[in-house]
$ cat run.tsv   # TSV, C-alpha atoms
chain	number	residue	atom	x	y	z
A	1	GLU	CA	53.44	-16.10	-3.64
A	2	HIS	CA	51.90	-12.86	-4.79
A	3	ALA	CA	53.35	-10.78	-7.61
A	4	SER	CA	53.69	-7.08	-6.85
A	5	LEU	CA	53.39	-4.41	-9.56
A	6	ALA	CA	54.02	-0.73	-8.93
A	7	GLY	CA	52.41	2.12	-10.88
A	8	ALA	CA	49.64	1.89	-13.52
A	9	VAL	CA	48.87	-1.62	-14.75
A	10	ASP	CA	47.12	-2.55	-18.03
A	11	ILE	CA	46.04	-6.18	-18.38
A	12	SER	CA	44.49	-6.45	-21.83
A	13	THR	CA	45.31	-9.94	-23.10
A	14	GLY	CA	46.38	-13.36	-21.82
A	15	ASN	CA	45.54	-15.11	-18.61
A	16	ILE	CA	47.07	-16.39	-15.45
A	17	ALA	CA	46.28	-20.10	-15.46
A	18	GLY	CA	45.41	-21.81	-12.21
A	19	SER	CA	46.10	-18.78	-10.02
A	20	ASP	CA	44.10	-16.08	-8.32
A	21	MET	CA	44.96	-12.46	-9.11
A	22	TYR	CA	45.51	-10.04	-6.24
A	23	LEU	CA	45.47	-6.28	-6.72
A	24	THR	CA	46.86	-4.86	-3.52
A	25	ALA	CA	47.65	-2.73	-1.12
A	26	THR	CA	47.18	-5.67	1.27
A	27	ASP	CA	45.03	-7.62	-1.21
A	28	ASN	CA	42.04	-5.23	-1.25
A	29	MET	CA	40.74	-6.68	-4.52
A	30	ILE	CA	40.95	-10.38	-5.45
A	31	PHE	CA	39.95	-12.05	-8.74
A	32	SER	CA	39.65	-15.79	-8.19
A	33	THR	CA	40.01	-18.53	-10.79
A	34	GLY	CA	36.29	-19.27	-10.39
A	35	GLY	CA	35.45	-15.83	-11.77
A	36	THR	CA	34.59	-14.24	-8.43
A	37	ALA	CA	35.81	-10.73	-7.60
A	38	THR	CA	36.20	-9.84	-3.94
A	39	PHE	CA	36.51	-6.23	-2.77
A	40	LEU	CA	37.67	-5.72	0.80
A	41	LYS	CA	37.09	-1.96	0.87
A	42	ASN	CA	34.54	0.49	-0.54
A	43	VAL	CA	33.77	0.47	-4.27
A	44	SER	CA	33.01	3.80	-5.98
A	45	LEU	CA	31.57	4.33	-9.48
A	46	THR	CA	32.02	7.93	-10.57
A	47	GLY	CA	30.39	7.45	-13.98
A	48	GLY	CA	28.24	5.01	-15.91
A	49	LEU	CA	26.02	2.44	-14.25
A	50	LEU	CA	26.22	-0.88	-12.44
A	51	SER	CA	24.80	-3.82	-14.41
A	52	ILE	CA	24.13	-7.29	-12.96
A	53	THR	CA	23.16	-10.36	-15.00
A	54	SER	CA	23.47	-14.09	-14.40
A	55	ASP	CA	22.67	-15.29	-17.92
A	56	GLY	CA	24.26	-12.64	-20.14
A	57	SER	CA	20.93	-10.89	-20.77
A	58	ASN	CA	18.02	-9.35	-18.81
A	59	ALA	CA	20.42	-7.25	-16.80
A	60	VAL	CA	19.39	-5.34	-13.68
A	61	THR	CA	20.92	-1.87	-13.68
A	62	PHE	CA	21.64	0.66	-10.95
A	63	THR	CA	21.93	4.24	-12.21
A	64	GLU	CA	22.61	7.49	-10.36
A	65	SER	CA	21.29	10.26	-12.58
A	66	GLY	CA	22.37	13.29	-10.58
A	67	ALA	CA	21.60	14.87	-7.19
A	68	GLY	CA	21.64	11.41	-5.58
A	69	LEU	CA	18.65	10.06	-7.57
A	70	LEU	CA	19.04	6.27	-7.81
A	71	THR	CA	17.05	4.25	-10.35
A	72	ILE	CA	16.97	0.45	-10.22
A	73	ALA	CA	15.73	-0.96	-13.53
A	74	VAL	CA	14.49	-4.56	-13.33
A	75	PRO	CA	13.17	-6.37	-16.46
A	76	ASP	CA	11.06	-8.82	-14.40
A	77	ASP	CA	9.79	-9.15	-10.82
A	78	PHE	CA	11.62	-7.34	-8.02
A	79	ASN	CA	11.77	-9.50	-4.88
A	80	VAL	CA	12.95	-8.23	-1.50
A	81	ASN	CA	13.44	-10.91	1.15
A	82	ALA	CA	14.34	-9.81	4.66
A	83	GLY	CA	15.23	-12.28	7.39
A	84	SER	CA	13.64	-9.93	9.92
A	85	ASP	CA	11.57	-6.74	9.74
A	86	MET	CA	11.61	-4.25	6.86
A	87	ASN	CA	11.89	-0.54	7.66
A	88	PHE	CA	11.28	2.22	5.15
A	89	ASP	CA	12.48	5.70	6.08
A	90	ALA	CA	11.52	8.50	3.66
A	91	ASN	CA	12.42	11.93	4.99
A	92	GLY	CA	10.10	13.45	2.37
A	93	GLY	CA	7.21	11.62	4.04
A	94	ASP	CA	5.79	10.00	0.87
A	95	PHE	CA	5.73	6.56	-0.72
A	96	ARG	CA	4.35	6.76	-4.25
A	97	LEU	CA	2.86	3.91	-6.31
A	98	LEU	CA	3.47	4.33	-10.04
A	99	ASP	CA	2.26	2.42	-13.11
A	100	GLY	CA	4.24	3.06	-16.30
A	101	GLY	CA	5.67	6.25	-14.81
A	102	THR	CA	2.27	7.64	-13.76
A	103	VAL	CA	1.59	8.19	-10.04
A	104	MET	CA	-1.51	6.17	-9.10
A	105	GLY	CA	-1.40	6.13	-5.32
A	106	ARG	CA	0.41	7.59	-2.35
A	107	ILE	CA	1.02	6.72	1.28
A	108	GLY	CA	2.24	9.79	3.11
A	109	LEU	CA	2.47	11.74	6.34
A	110	GLU	CA	1.00	15.21	6.72
A	111	ASN	CA	1.18	17.01	10.07
A	112	GLY	CA	1.64	13.64	11.76
A	113	ASP	CA	-1.44	12.10	10.10
A	114	LEU	CA	-1.16	8.98	7.92
A	115	ASN	CA	-2.76	9.54	4.51
A	116	ILE	CA	-3.61	6.88	1.91
A	117	ASP	CA	-4.46	8.53	-1.42
A	118	SER	CA	-5.95	7.32	-4.68
A	119	VAL	CA	-4.28	10.07	-6.71
A	120	ARG	CA	-5.93	9.71	-10.12
A	121	GLN	CA	-9.23	11.50	-10.67
A	122	ASP	CA	-12.34	9.40	-9.89
A	123	TYR	CA	-10.37	6.19	-9.28
A	124	ASP	CA	-11.96	4.17	-6.47
A	125	MET	CA	-10.28	2.56	-3.47
A	126	ARG	CA	-11.06	-1.12	-2.95
A	127	PHE	CA	-10.34	-3.25	0.10
A	128	LYS	CA	-10.36	-6.87	-1.04
A	129	GLY	CA	-10.15	-10.19	0.72
A	130	ASN	CA	-10.67	-13.91	0.27
A	131	ASP	CA	-13.91	-15.31	1.67
A	132	GLY	CA	-13.92	-19.12	1.50
A	133	GLY	CA	-11.89	-19.14	-1.72
A	134	SER	CA	-13.75	-16.27	-3.43
A	135	VAL	CA	-12.26	-12.79	-3.85
A	136	ILE	CA	-14.61	-10.14	-2.48
A	137	ASN	CA	-14.67	-6.36	-2.40
A	138	ALA	CA	-15.11	-5.98	1.36
A	139	LEU	CA	-15.24	-2.18	1.06
A	140	VAL	CA	-15.36	0.15	-1.95
A	141	LEU	CA	-14.86	3.90	-1.61
A	142	ASP	CA	-16.35	5.63	-4.68
A	143	MET	CA	-14.13	8.63	-5.36
A	144	SER	CA	-16.41	9.90	-8.15
A	145	ASN	CA	-19.22	10.16	-5.55
A	146	ASN	CA	-17.54	12.03	-2.71
A	147	GLY	CA	-16.07	8.83	-1.25
A	148	ALA	CA	-19.38	6.98	-0.83
A	149	ALA	CA	-18.69	3.70	0.98
A	150	THR	CA	-20.15	0.33	-0.02
A	151	PHE	CA	-19.65	-2.67	2.26
A	152	SER	CA	-20.26	-6.16	0.90
A	153	GLY	CA	-21.38	-7.44	4.29
A	154	ASN	CA	-22.73	-6.29	7.63
A	155	VAL	CA	-21.39	-3.25	9.48
A	156	THR	CA	-21.08	-3.84	13.22
A	157	LEU	CA	-20.60	-1.18	15.89
A	158	THR	CA	-19.48	-2.70	19.18
A	159	ASN	CA	-19.73	0.66	20.93
A	160	GLY	CA	-20.39	4.23	19.92
A	161	VAL	CA	-22.81	6.16	17.72
A	162	LEU	CA	-23.44	6.09	13.97
A	163	GLU	CA	-24.22	9.63	12.80
A	164	SER	CA	-25.66	10.83	9.49
A	165	PHE	CA	-25.86	14.55	8.74
A	166	ASN	CA	-27.87	16.05	5.87
A	167	ALA	CA	-30.34	18.85	6.33
A	168	GLN	CA	-30.88	17.64	9.88
A	169	PRO	CA	-28.95	15.14	12.01
A	170	MET	CA	-30.05	11.57	12.65
A	171	TYR	CA	-28.48	9.36	15.32
A	172	PHE	CA	-28.61	5.57	15.33
A	173	PHE	CA	-27.50	3.58	18.34
A	174	SER	CA	-28.21	0.31	20.11
A	175	THR	CA	-30.04	0.19	23.44
A	176	PRO	CA	-29.02	-2.97	25.35
A	177	THR	CA	-32.13	-2.90	27.56
A	178	VAL	CA	-34.47	-3.18	24.56
A	179	SER	CA	-34.05	-6.78	23.40
A	180	ASN	CA	-37.10	-7.37	21.21
A	181	TYR	CA	-36.63	-4.68	18.59
A	182	GLU	CA	-34.39	-4.59	15.56
A	183	LEU	CA	-33.71	-2.00	12.88
A	184	LEU	CA	-35.86	-2.61	9.80
A	185	SER	CA	-35.11	0.16	7.35
A	186	ILE	CA	-33.82	3.64	6.75
A	187	ASP	CA	-35.24	5.32	3.64
A	188	LYS	CA	-36.13	8.63	2.06
A	189	LEU	CA	-39.79	9.55	1.58
A	190	ALA	CA	-41.32	11.36	-1.39
A	191	ASN	CA	-41.57	14.59	0.65
A	192	GLY	CA	-37.80	14.51	1.21
A	193	ASN	CA	-37.95	13.39	4.82
A	194	ALA	CA	-35.73	10.57	6.03
A	195	ARG	CA	-37.48	7.73	7.85
A	196	LEU	CA	-36.21	5.24	10.42
A	197	ARG	CA	-38.50	2.28	11.02
A	198	VAL	CA	-38.05	-0.05	13.99
A	199	TYR	CA	-39.70	-3.43	13.86
A	200	LYS	CA	-40.67	-5.91	16.56
A	201	SER	CA	-38.79	-9.18	16.11
A	202	GLY	CA	-40.90	-12.09	14.86
A	203	SER	CA	-44.06	-10.05	14.26
A	204	GLY	CA	-44.15	-10.86	10.51
A	205	SER	CA	-45.37	-7.37	9.61
A	206	PHE	CA	-44.51	-3.82	10.59
A	207	ARG	CA	-45.24	-3.50	14.28
A	208	GLY	CA	-43.23	-0.91	16.06
A	209	PHE	CA	-42.56	2.78	15.47
A	210	GLU	CA	-40.92	5.07	12.98
A	211	ILE	CA	-39.04	8.36	13.21
A	212	GLN	CA	-39.07	10.95	10.44
A	213	THR	CA	-36.90	14.02	10.00
A	214	GLY	CA	-38.26	17.30	8.68
A	215	GLY	CA	-41.06	19.66	9.67

$ encode --input "run.tsv" --output "structure tokens"
Amino acid sequence: EHASLAGAVDISTGNIAGSDMYLTATDNMIFSTGGTATFLKNVSLTGGLLSITSDGSNAVTFTESGAGLLTIAVPDDFNVNAGSDMNFDANGGDFRLLDGGTVMGRIGLENGDLNIDSVRQDYDMRFKGNDGGSVINALVLDMSNNGAATFSGNVTLTNGVLESFNAQPMYFFSTPTVSNYELLSIDKLANGNARLRVYKSGSGSFRGFEIQTGG
């Protein structure tokens, strides 16, 4: 049987041996003898914070610090495991990556465009991978040099045009009907002109043609 108490109740000492405790209307909160508390309706905290610990220390805390700002403080790793997809919905349009309270990166939406930002001045962006057990920098964008891109391997265009614009434009493209020529080099001459040299495959020395920009 359940015991019913009307009005304010203060339980400060003693215990109820071998029995669960029910705080009701209709048993909305149950404290079991195993130490488990069950709430059958909403739980509201109007002050303080929520602290969770399994070993009496290293507590994870949930704090609302005003205007709906929630901070989850975790003393170790923070693992999120979803049995299906994970969806993130930020009406402000930004996801910020912080280190020690300092914003280091941002993924955001601006006018419908997806932006990935390295926020700190002159910090590069690196795209890394694992090639046969070795970590490689597949692509480095040098933010201290106007975003200059360095690829660790080949760059392949399956279709389209590679364009380079300086004082004058240069266009590089493949011509499927020309099978015995390959690109040898692109360099800058002492007079400031850019030079494209095309080399006949298997000739062993320069045998082909070159194109220079400039007057």

$ residues_around --input "run.tsv" --residues "range 110-123 of chain A" --least-positions-apart "6" --cutoff "10 Å" --atoms "all atoms listed in the file" --output "PyMOL selection string"
chain A and resi 93-97+102-104+141-147

$ residues_near_point --input "run.tsv" --point "(26.0, -2.2, -13.1)" --cutoff "10 Å" --atoms "only C-alpha atoms" --output "PDB file with C-alpha atoms, in the frame of the given file"
ATOM      1  CA  LEU A  45      31.570   4.330  -9.480  1.00  0.00           C
ATOM      2  CA  GLY A  48      28.240   5.010 -15.910  1.00  0.00           C
ATOM      3  CA  LEU A  49      26.020   2.440 -14.250  1.00  0.00           C
ATOM      4  CA  LEU A  50      26.220  -0.880 -12.440  1.00  0.00           C
ATOM      5  CA  SER A  51      24.800  -3.820 -14.410  1.00  0.00           C
ATOM      6  CA  ILE A  52      24.130  -7.290 -12.960  1.00  0.00           C
ATOM      7  CA  THR A  53      23.160 -10.360 -15.000  1.00  0.00           C
ATOM      8  CA  ALA A  59      20.420  -7.250 -16.800  1.00  0.00           C
ATOM      9  CA  VAL A  60      19.390  -5.340 -13.680  1.00  0.00           C
ATOM     10  CA  THR A  61      20.920  -1.870 -13.680  1.00  0.00           C
ATOM     11  CA  PHE A  62      21.640   0.660 -10.950  1.00  0.00           C
ATOM     12  CA  THR A  63      21.930   4.240 -12.210  1.00  0.00           C
ATOM     13  CA  ILE A  72      16.970   0.450 -10.220  1.00  0.00           C
TER      14      ILE A  72
END

$ atom_distance --input "run.tsv" --atom1 "CA of Asn28 in chain A" --atom2 "CA of Lys41 in chain A"
6.3 Å

$ atom_distance --input "run.tsv" --atom1 "CA of Asp99 in chain A" --atom2 "CA of Met125 in chain A"
15.8 Å

$ atom_distance --input "run.tsv" --atom1 "CA of Ala149 in chain A" --atom2 "CA of Gly133 in chain A"
24.0 Å

$ closest_residue --input "run.tsv" --among "A:Gly105, A:Gly153, A:Gly68, A:Gly92" --to "Ile136 in chain A" --atoms "only C-alpha atoms"
A:Gly153

$ residues_around --input "run.tsv" --residues "Thr150 in chain A" --least-positions-apart "5" --cutoff "10 Å" --atoms "all atoms listed in the file" --output "ChimeraX atom specification"
/A:126,137-142
